[in-house]
Amino acid sequence: MFGAKHILPKGNPPLESAYDAVLIGGGLHNLATAWFLAKEHNMNRVAVLEKNYIGYGGAGRNTAIVRANQRTQKNIPLYKEALDLWPVLTRELDFNLMFYNCGNLNLLHSEAAVKAARTNIATAKFLGVESHLLDAAETAKRVPALNLSQKITHPIHGAMYHPPGGIVRHDAVVWGLAKGAAEKGVHIHQQTEALGIATKNGRVTGVKTPAGTIYTPRVLVSAGGYTAGLLYHMLKIKMPISVLTIQAMVTQPLKPLLDHVVSSGAYHVYANQTLKGEIATGAHMDPWPNYTTQTTAGYIKHQAEALVELMPCLAGVKFMRSWAGLADMTPDMAPIMDGNDPVEGVYMNCGWGYFGFKSCSATGRYMARFLATGKCPDRLKPFALARFKNHRLMGETAALVNYTPDN
Ligand SMILES: Cc1cc2nc3c(=O)[nH]c(=O)nc-3n(C[C@H](O)[C@H](O)[C@H](O)COP(=O)(O)OP(=O)(O)OC[C@H]3O[C@@H](n4cnc5c(N)ncnc54)[C@H](O)[C@@H]3O)c2cc1C
């Protein structure tokens, strides 16, 4: 990711003393917001502040899965818009984001899971998202490597098949958005930490950095796993967010054997084969909150055992690399997108857990509209922070409990 510097048109721009908007965090959501602010709102006096290098956070660590088959009526349209945007962004950014439309298969391991999947499929179809129920034989036809034996821990009863999903190359998204935004005049400041937010009479006035205060009427905090800590440290806003580690790994490259993204809630595993031939795999996040990006032997063992039981042909294959990143989880597993409350001019976009890659294209666009107009777009209204105070949680958790461990 250090190589990202060369794709920015003029290297590091000078840090100016004032901008129309300052975005804290050089991850997916802020880079997308910066692109849409410049492109759709003609707002390019914008600074993105990144403490390390762009893509340092979840942006450069995720397993790149995109799909729109979430669970609730409020979430699905947002993810559908995001999915539809990848080909559009590839064209508009003139940057190959490597969208590989291989489709997603969520394996179902019990009759209860099949029943729950029927509800999800009906909701998805109602909202215009393609999703089908496959029986065990149809599932095996799509992924012949799967173990269809009844003698495994969780026999496969079928799958929920979502053809429009797939994989997008995550670092290409970071580079493409950064290049596009920078070409339109946005200043991307790497190695520039936001230290504090200055306010006066309930309004934001600037952002404190090691090089002094930048004056601005708008600040968007979208710093992945660091957002809740920053909002508390800078403004004493308490966020209902826990930060947990998610781990992932890739095997040595193999001949093609897996044409879809396959995930299994019962086995706590998901996998796909990258264009290089590696099996990229991950699972649920670690069960306790922490801020480490360390991987663990126990996790590697679990992945190996689950993968080999599901796809016995993987026995003996070697893992080449493993890594970890932070997930910012809300109690209802839906994000928080809000602004002007409790501080006028301060916006937040966080709580994405392991859904923040697939969504960033659409939310970047909506957050840009929010910042440019000061009015919350209707699509974002259900995601306000106040829903936790008002007991209006979103029920997206069930999307995971029922069938989906993946990202
Ligand atoms: C292993 C793993 C697998 C995943 N798989 C998927 C997947 O398949 N699909 C999916 O949709 N999502 C997935 N995710 C989740 C996804 O990566 C995140 O939700 C997403 O990256 C969040 O984007 P962001 O822009 O909010 O934050 P990030 O991309 O995390 O960026 C935040 C940035 O803020 C910077 N920062 C922090 N503090 C400061 C400061 N004080 N000043 C300036 N900058 C600061 C950090 O350095 C960082 O670069 C996965 C995550 C992990 C870790």
# chains A, B, ... in the order shown; residues from 1 in each chain; ligands from 1

$ residues_around --residues "His189 of chain A" --least-positions-apart "3" --cutoff "9 Å" --atoms "only C-alpha atoms" --output "list in words"
Asn12, Pro13, Pro14, Leu15, Gly26, Ala47, Val48, Leu49, Glu50, Lys51, Tyr53, Ile54, Thr192 and Glu193 of chain A

$ residues_around --residues "segment 181-184 of chain A" --least-positions-apart "5" --cutoff "9 Å" --atoms "only C-alpha atoms" --output "NGL selection string"
:A and (8-10 or 31-32 or 34-39 or 42 or 44 or 93 or 176)

$ residues_around --residues "Trp288 of chain A" --least-positions-apart "3" --cutoff "12 Å" --atoms "only C-alpha atoms" --output "PDB file with N, CA and C atoms, in the first residue's frame"
ATOM      1  N   SER A 242     -18.454  -1.956  19.611  1.00  0.00           N
ATOM      2  CA  SER A 242     -17.352  -2.767  20.148  1.00  0.00           C
ATOM      3  C   SER A 242     -16.379  -2.994  18.999  1.00  0.00           C
ATOM      4  N   VAL A 243     -15.109  -3.033  19.344  1.00  0.00           N
ATOM      5  CA  VAL A 243     -14.094  -3.247  18.305  1.00  0.00           C
ATOM      6  C   VAL A 243     -13.513  -4.656  18.479  1.00  0.00           C
ATOM      7  N   LEU A 244     -13.634  -5.439  17.440  1.00  0.00           N
ATOM      8  CA  LEU A 244     -13.159  -6.825  17.491  1.00  0.00           C
ATOM      9  C   LEU A 244     -12.223  -7.090  16.314  1.00  0.00           C
ATOM     10  N   THR A 245     -11.386  -8.101  16.490  1.00  0.00           N
ATOM     11  CA  THR A 245     -10.444  -8.454  15.420  1.00  0.00           C
ATOM     12  C   THR A 245     -11.108  -9.430  14.445  1.00  0.00           C
ATOM     13  N   ILE A 246     -10.869  -9.229  13.143  1.00  0.00           N
ATOM     14  CA  ILE A 246     -11.241 -10.263  12.169  1.00  0.00           C
ATOM     15  C   ILE A 246      -9.967 -10.735  11.488  1.00  0.00           C
ATOM     16  N   HIS A 284     -15.949 -15.710  11.284  1.00  0.00           N
ATOM     17  CA  HIS A 284     -16.444 -14.694  12.205  1.00  0.00           C
ATOM     18  C   HIS A 284     -15.281 -13.942  12.830  1.00  0.00           C
ATOM     19  N   MET A 285     -15.607 -12.826  13.453  1.00  0.00           N
ATOM     20  CA  MET A 285     -14.585 -12.090  14.175  1.00  0.00           C
ATOM     21  C   MET A 285     -14.243 -12.802  15.486  1.00  0.00           C
ATOM     22  N   TYR A 291      -8.030  -4.380  20.185  1.00  0.00           N
ATOM     23  CA  TYR A 291      -7.568  -3.534  19.089  1.00  0.00           C
ATOM     24  C   TYR A 291      -6.357  -4.132  18.393  1.00  0.00           C
ATOM     25  N   THR A 292      -6.138  -5.450  18.497  1.00  0.00           N
ATOM     26  CA  THR A 292      -4.917  -5.966  17.879  1.00  0.00           C
ATOM     27  C   THR A 292      -5.188  -6.408  16.441  1.00  0.00           C
ATOM     28  N   LEU A 326      -9.466  -4.654  12.134  1.00  0.00           N
ATOM     29  CA  LEU A 326     -10.442  -4.330  13.177  1.00  0.00           C
ATOM     30  C   LEU A 326     -11.839  -4.191  12.589  1.00  0.00           C
ATOM     31  N   ALA A 327     -12.823  -4.669  13.338  1.00  0.00           N
ATOM     32  CA  ALA A 327     -14.217  -4.503  12.924  1.00  0.00           C
ATOM     33  C   ALA A 327     -14.936  -3.699  13.992  1.00  0.00           C
ATOM     34  N   MET A 329     -18.272  -2.987  15.533  1.00  0.00           N
ATOM     35  CA  MET A 329     -19.596  -3.630  15.531  1.00  0.00           C
ATOM     36  C   MET A 329     -20.605  -2.879  16.392  1.00  0.00           C
TER      37      MET A 329
END

$ residues_around --residues "Gln294 of chain A" --least-positions-apart "2" --cutoff "9 Å" --atoms "only C-alpha atoms" --output "list of chain:residue names"
A:Thr245, A:Gln247, A:Thr292, A:Thr296, A:Trp323, A:Ala324, A:Gly325

$ write_last_selection --atoms "C-alpha atoms" --output "mmCIF file, in the first residue's frame"
data_model
loop_
_atom_site.group_PDB
_atom_site.id
_atom_site.type_symbol
_atom_site.label_atom_id
_atom_site.label_comp_id
_atom_site.auth_asym_id
_atom_site.auth_seq_id
_atom_site.Cartn_x
_atom_site.Cartn_y
_atom_site.Cartn_z
ATOM 1 C CA THR A 245 -10.444 -8.454 15.420
ATOM 2 C CA GLN A 247 -8.669 -12.616 10.708
ATOM 3 C CA THR A 292 -4.917 -5.966 17.879
ATOM 4 C CA THR A 296 -3.720 -16.590 16.117
ATOM 5 C CA TRP A 323 -3.562 -11.203 8.560
ATOM 6 C CA ALA A 324 -6.110 -9.380 10.716
ATOM 7 C CA GLY A 325 -7.954 -6.092 10.947
#

$ residues_around --residues "Lys200 of chain A" --least-positions-apart "3" --cutoff "10 Å" --atoms "only C-alpha atoms" --output "VMD selection string"
chain A and resid 203 to 206 343 to 344

$ write_last_selection --atoms "C-alpha atoms" --output "PDB file, in the first residue's frame"
ATOM      1  CA  ARG A 203     -20.486  24.014  15.959  1.00  0.00           C
ATOM      2  CA  VAL A 204     -17.336  22.534  14.515  1.00  0.00           C
ATOM      3  CA  THR A 205     -14.629  25.035  13.625  1.00  0.00           C
ATOM      4  CA  GLY A 206     -11.642  22.901  12.742  1.00  0.00           C
ATOM      5  CA  VAL A 343     -22.341  18.861  17.149  1.00  0.00           C
ATOM      6  CA  GLU A 344     -23.335  20.984  14.151  1.00  0.00           C
TER       7      GLU A 344
END

$ select_by_dssp --residues "segment 45-181 of chain A" --states "strand (DSSP E)" --output "list in words"
Val46, Ala47, Val48, Leu49, Ile65, Val66, Asn104, Leu105, Asn106, Leu107, Leu108, His132, Leu133, Leu134, Asp135, Gly158, Ala159, Met160, Tyr161, His162, Gly166 and Ile167 of chain A

$ select_by_dssp --residues "segment 200-392 of chain A" --states "alpha helix (DSSP H)" --output "PDB file with N, CA and C atoms, in the first residue's frame"
ATOM      1  N   THR A 227     -12.986   4.758  14.906  1.00  0.00           N
ATOM      2  CA  THR A 227     -13.952   5.863  14.956  1.00  0.00           C
ATOM      3  C   THR A 227     -14.524   6.097  16.350  1.00  0.00           C
ATOM      4  N   ALA A 228     -14.942   5.010  17.008  1.00  0.00           N
ATOM      5  CA  ALA A 228     -15.590   5.184  18.311  1.00  0.00           C
ATOM      6  C   ALA A 228     -14.618   5.829  19.298  1.00  0.00           C
ATOM      7  N   GLY A 229     -13.369   5.386  19.279  1.00  0.00           N
ATOM      8  CA  GLY A 229     -12.360   5.959  20.174  1.00  0.00           C
ATOM      9  C   GLY A 229     -12.135   7.430  19.859  1.00  0.00           C
ATOM     10  N   LEU A 230     -12.076   7.764  18.568  1.00  0.00           N
ATOM     11  CA  LEU A 230     -11.826   9.157  18.192  1.00  0.00           C
ATOM     12  C   LEU A 230     -12.989  10.052  18.616  1.00  0.00           C
ATOM     13  N   LEU A 231     -14.228   9.583  18.375  1.00  0.00           N
ATOM     14  CA  LEU A 231     -15.381  10.426  18.720  1.00  0.00           C
ATOM     15  C   LEU A 231     -15.461  10.649  20.224  1.00  0.00           C
ATOM     16  N   TYR A 232     -15.068   9.630  21.000  1.00  0.00           N
ATOM     17  CA  TYR A 232     -15.099   9.814  22.445  1.00  0.00           C
ATOM     18  C   TYR A 232     -13.968  10.745  22.894  1.00  0.00           C
ATOM     19  N   HIS A 233     -12.775  10.482  22.366  1.00  0.00           N
ATOM     20  CA  HIS A 233     -11.597  11.259  22.766  1.00  0.00           C
ATOM     21  C   HIS A 233     -11.740  12.725  22.344  1.00  0.00           C
ATOM     22  N   MET A 234     -12.309  12.938  21.161  1.00  0.00           N
ATOM     23  CA  MET A 234     -12.343  14.312  20.618  1.00  0.00           C
ATOM     24  C   MET A 234     -13.576  15.098  21.066  1.00  0.00           C
ATOM     25  N   LEU A 235     -14.724  14.406  21.217  1.00  0.00           N
ATOM     26  CA  LEU A 235     -15.972  15.149  21.475  1.00  0.00           C
ATOM     27  C   LEU A 235     -16.796  14.570  22.624  1.00  0.00           C
ATOM     28  N   ALA A 297      -2.910 -18.866  16.166  1.00  0.00           N
ATOM     29  CA  ALA A 297      -2.771 -20.237  15.683  1.00  0.00           C
ATOM     30  C   ALA A 297      -4.119 -20.968  15.751  1.00  0.00           C
ATOM     31  N   GLY A 298      -4.900 -20.669  16.785  1.00  0.00           N
ATOM     32  CA  GLY A 298      -6.192 -21.339  16.955  1.00  0.00           C
ATOM     33  C   GLY A 298      -7.105 -21.066  15.767  1.00  0.00           C
ATOM     34  N   TYR A 299      -7.037 -19.852  15.276  1.00  0.00           N
ATOM     35  CA  TYR A 299      -7.888 -19.465  14.148  1.00  0.00           C
ATOM     36  C   TYR A 299      -7.454 -20.197  12.870  1.00  0.00           C
ATOM     37  N   ILE A 300      -6.148 -20.278  12.679  1.00  0.00           N
ATOM     38  CA  ILE A 300      -5.628 -20.953  11.479  1.00  0.00           C
ATOM     39  C   ILE A 300      -6.047 -22.433  11.511  1.00  0.00           C
ATOM     40  N   LYS A 301      -5.960 -23.027  12.698  1.00  0.00           N
ATOM     41  CA  LYS A 301      -6.359 -24.438  12.861  1.00  0.00           C
ATOM     42  C   LYS A 301      -7.851 -24.596  12.524  1.00  0.00           C
ATOM     43  N   HIS A 302      -8.656 -23.683  13.061  1.00  0.00           N
ATOM     44  CA  HIS A 302     -10.096 -23.762  12.794  1.00  0.00           C
ATOM     45  C   HIS A 302     -10.388 -23.671  11.303  1.00  0.00           C
ATOM     46  N   GLN A 303      -9.739 -22.722  10.616  1.00  0.00           N
ATOM     47  CA  GLN A 303      -9.997 -22.559   9.182  1.00  0.00           C
ATOM     48  C   GLN A 303      -9.619 -23.826   8.423  1.00  0.00           C
ATOM     49  N   ALA A 304      -8.459 -24.386   8.788  1.00  0.00           N
ATOM     50  CA  ALA A 304      -7.982 -25.580   8.087  1.00  0.00           C
ATOM     51  C   ALA A 304      -8.986 -26.725   8.284  1.00  0.00           C
ATOM     52  N   GLU A 305      -9.426 -26.926   9.525  1.00  0.00           N
ATOM     53  CA  GLU A 305     -10.337 -28.044   9.799  1.00  0.00           C
ATOM     54  C   GLU A 305     -11.684 -27.849   9.090  1.00  0.00           C
ATOM     55  N   ALA A 306     -12.219 -26.636   9.159  1.00  0.00           N
ATOM     56  CA  ALA A 306     -13.534 -26.383   8.551  1.00  0.00           C
ATOM     57  C   ALA A 306     -13.454 -26.528   7.033  1.00  0.00           C
ATOM     58  N   LEU A 307     -12.409 -25.970   6.439  1.00  0.00           N
ATOM     59  CA  LEU A 307     -12.296 -26.015   4.973  1.00  0.00           C
ATOM     60  C   LEU A 307     -12.130 -27.451   4.487  1.00  0.00           C
ATOM     61  N   VAL A 308     -11.310 -28.218   5.187  1.00  0.00           N
ATOM     62  CA  VAL A 308     -11.047 -29.589   4.732  1.00  0.00           C
ATOM     63  C   VAL A 308     -12.294 -30.459   4.904  1.00  0.00           C
ATOM     64  N   GLU A 309     -13.086 -30.190   5.940  1.00  0.00           N
ATOM     65  CA  GLU A 309     -14.315 -30.984   6.077  1.00  0.00           C
ATOM     66  C   GLU A 309     -15.306 -30.625   4.962  1.00  0.00           C
ATOM     67  N   LEU A 310     -15.378 -29.346   4.627  1.00  0.00           N
ATOM     68  CA  LEU A 310     -16.311 -28.928   3.572  1.00  0.00           C
ATOM     69  C   LEU A 310     -15.806 -29.286   2.181  1.00  0.00           C
ATOM     70  N   CYS A 360     -19.248   0.606   0.537  1.00  0.00           N
ATOM     71  CA  CYS A 360     -18.626   1.936   0.535  1.00  0.00           C
ATOM     72  C   CYS A 360     -18.980   2.776  -0.691  1.00  0.00           C
ATOM     73  N   SER A 361     -19.240   2.123  -1.817  1.00  0.00           N
ATOM     74  CA  SER A 361     -19.535   2.909  -3.009  1.00  0.00           C
ATOM     75  C   SER A 361     -20.822   3.717  -2.816  1.00  0.00           C
ATOM     76  N   ALA A 362     -21.866   3.052  -2.320  1.00  0.00           N
ATOM     77  CA  ALA A 362     -23.147   3.752  -2.153  1.00  0.00           C
ATOM     78  C   ALA A 362     -23.124   4.716  -0.972  1.00  0.00           C
ATOM     79  N   THR A 363     -22.504   4.297   0.133  1.00  0.00           N
ATOM     80  CA  THR A 363     -22.551   5.198   1.292  1.00  0.00           C
ATOM     81  C   THR A 363     -21.668   6.420   1.063  1.00  0.00           C
ATOM     82  N   GLY A 364     -20.588   6.235   0.314  1.00  0.00           N
ATOM     83  CA  GLY A 364     -19.758   7.402  -0.030  1.00  0.00           C
ATOM     84  C   GLY A 364     -20.595   8.434  -0.765  1.00  0.00           C
ATOM     85  N   ARG A 365     -21.443   7.944  -1.648  1.00  0.00           N
ATOM     86  CA  ARG A 365     -22.288   8.857  -2.433  1.00  0.00           C
ATOM     87  C   ARG A 365     -23.312   9.572  -1.538  1.00  0.00           C
ATOM     88  N   TYR A 366     -23.938   8.790  -0.633  1.00  0.00           N
ATOM     89  CA  TYR A 366     -24.949   9.406   0.250  1.00  0.00           C
ATOM     90  C   TYR A 366     -24.308  10.343   1.272  1.00  0.00           C
ATOM     91  N   MET A 367     -23.152   9.947   1.807  1.00  0.00           N
ATOM     92  CA  MET A 367     -22.510  10.835   2.794  1.00  0.00           C
ATOM     93  C   MET A 367     -22.067  12.125   2.112  1.00  0.00           C
ATOM     94  N   ALA A 368     -21.636  12.034   0.849  1.00  0.00           N
ATOM     95  CA  ALA A 368     -21.244  13.245   0.115  1.00  0.00           C
ATOM     96  C   ALA A 368     -22.453  14.181  -0.011  1.00  0.00           C
ATOM     97  N   ARG A 369     -23.615  13.589  -0.318  1.00  0.00           N
ATOM     98  CA  ARG A 369     -24.828  14.415  -0.448  1.00  0.00           C
ATOM     99  C   ARG A 369     -25.187  15.052   0.901  1.00  0.00           C
ATOM    100  N   PHE A 370     -25.027  14.268   1.962  1.00  0.00           N
ATOM    101  CA  PHE A 370     -25.336  14.752   3.315  1.00  0.00           C
ATOM    102  C   PHE A 370     -24.433  15.952   3.647  1.00  0.00           C
ATOM    103  N   LEU A 371     -23.128  15.798   3.393  1.00  0.00           N
ATOM    104  CA  LEU A 371     -22.186  16.884   3.728  1.00  0.00           C
ATOM    105  C   LEU A 371     -22.434  18.113   2.860  1.00  0.00           C
ATOM    106  N   ALA A 372     -22.719  17.883   1.583  1.00  0.00           N
ATOM    107  CA  ALA A 372     -22.851  19.017   0.653  1.00  0.00           C
ATOM    108  C   ALA A 372     -24.114  19.821   0.923  1.00  0.00           C
ATOM    109  N   THR A 373     -25.198  19.131   1.324  1.00  0.00           N
ATOM    110  CA  THR A 373     -26.481  19.831   1.487  1.00  0.00           C
ATOM    111  C   THR A 373     -26.817  20.107   2.950  1.00  0.00           C
ATOM    112  N   ALA A 386     -29.367   7.981  16.993  1.00  0.00           N
ATOM    113  CA  ALA A 386     -30.468   8.039  17.969  1.00  0.00           C
ATOM    114  C   ALA A 386     -31.291   6.757  17.996  1.00  0.00           C
ATOM    115  N   ARG A 387     -31.134   5.863  16.993  1.00  0.00           N
ATOM    116  CA  ARG A 387     -31.962   4.650  17.021  1.00  0.00           C
ATOM    117  C   ARG A 387     -31.686   3.790  18.254  1.00  0.00           C
ATOM    118  N   PHE A 388     -30.466   3.915  18.779  1.00  0.00           N
ATOM    119  CA  PHE A 388     -30.143   3.099  19.961  1.00  0.00           C
ATOM    120  C   PHE A 388     -30.849   3.656  21.206  1.00  0.00           C
ATOM    121  N   LYS A 389     -30.934   4.996  21.257  1.00  0.00           N
ATOM    122  CA  LYS A 389     -31.628   5.629  22.386  1.00  0.00           C
ATOM    123  C   LYS A 389     -33.125   5.372  22.275  1.00  0.00           C
TER     124      LYS A 389
END

$ closest_residue --among "A:Leu28, A:Ile279, A:Leu97, A:Val46" --to "ligand 1" --atoms "only C-alpha atoms and all ligand atoms"
A:Leu28

$ decode --residues "segment 35-55 of chain A" --atoms "C-alpha atoms" --output "CSV table (one decimal), in the first residue's frame"
chain,number,residue,atom,x,y,z
A,35,TRP,CA,-14.8,11.3,-4.9
A,36,PHE,CA,-18.5,11.9,-4.8
A,37,LEU,CA,-18.1,15.3,-3.2
A,38,ALA,CA,-15.9,16.4,-6.0
A,39,LYS,CA,-17.7,14.7,-8.8
A,40,GLU,CA,-21.4,15.2,-7.9
A,41,HIS,CA,-21.3,18.4,-5.7
A,42,ASN,CA,-18.4,20.3,-7.2
A,43,MET,CA,-16.8,20.4,-3.8
A,44,ASN,CA,-13.1,19.9,-4.1
A,45,ARG,CA,-11.7,22.0,-1.3
A,46,VAL,CA,-11.7,18.8,0.7
A,47,ALA,CA,-8.9,17.2,2.7
A,48,VAL,CA,-8.7,13.5,3.6
A,49,LEU,CA,-6.5,13.1,6.7
A,50,GLU,CA,-4.9,9.6,7.0
A,51,LYS,CA,-2.7,8.8,10.1
A,52,ASN,CA,-0.8,6.1,8.3
A,53,TYR,CA,-1.2,5.4,4.6
A,54,ILE,CA,-4.4,5.1,2.6
A,55,GLY,CA,-5.8,1.6,2.8
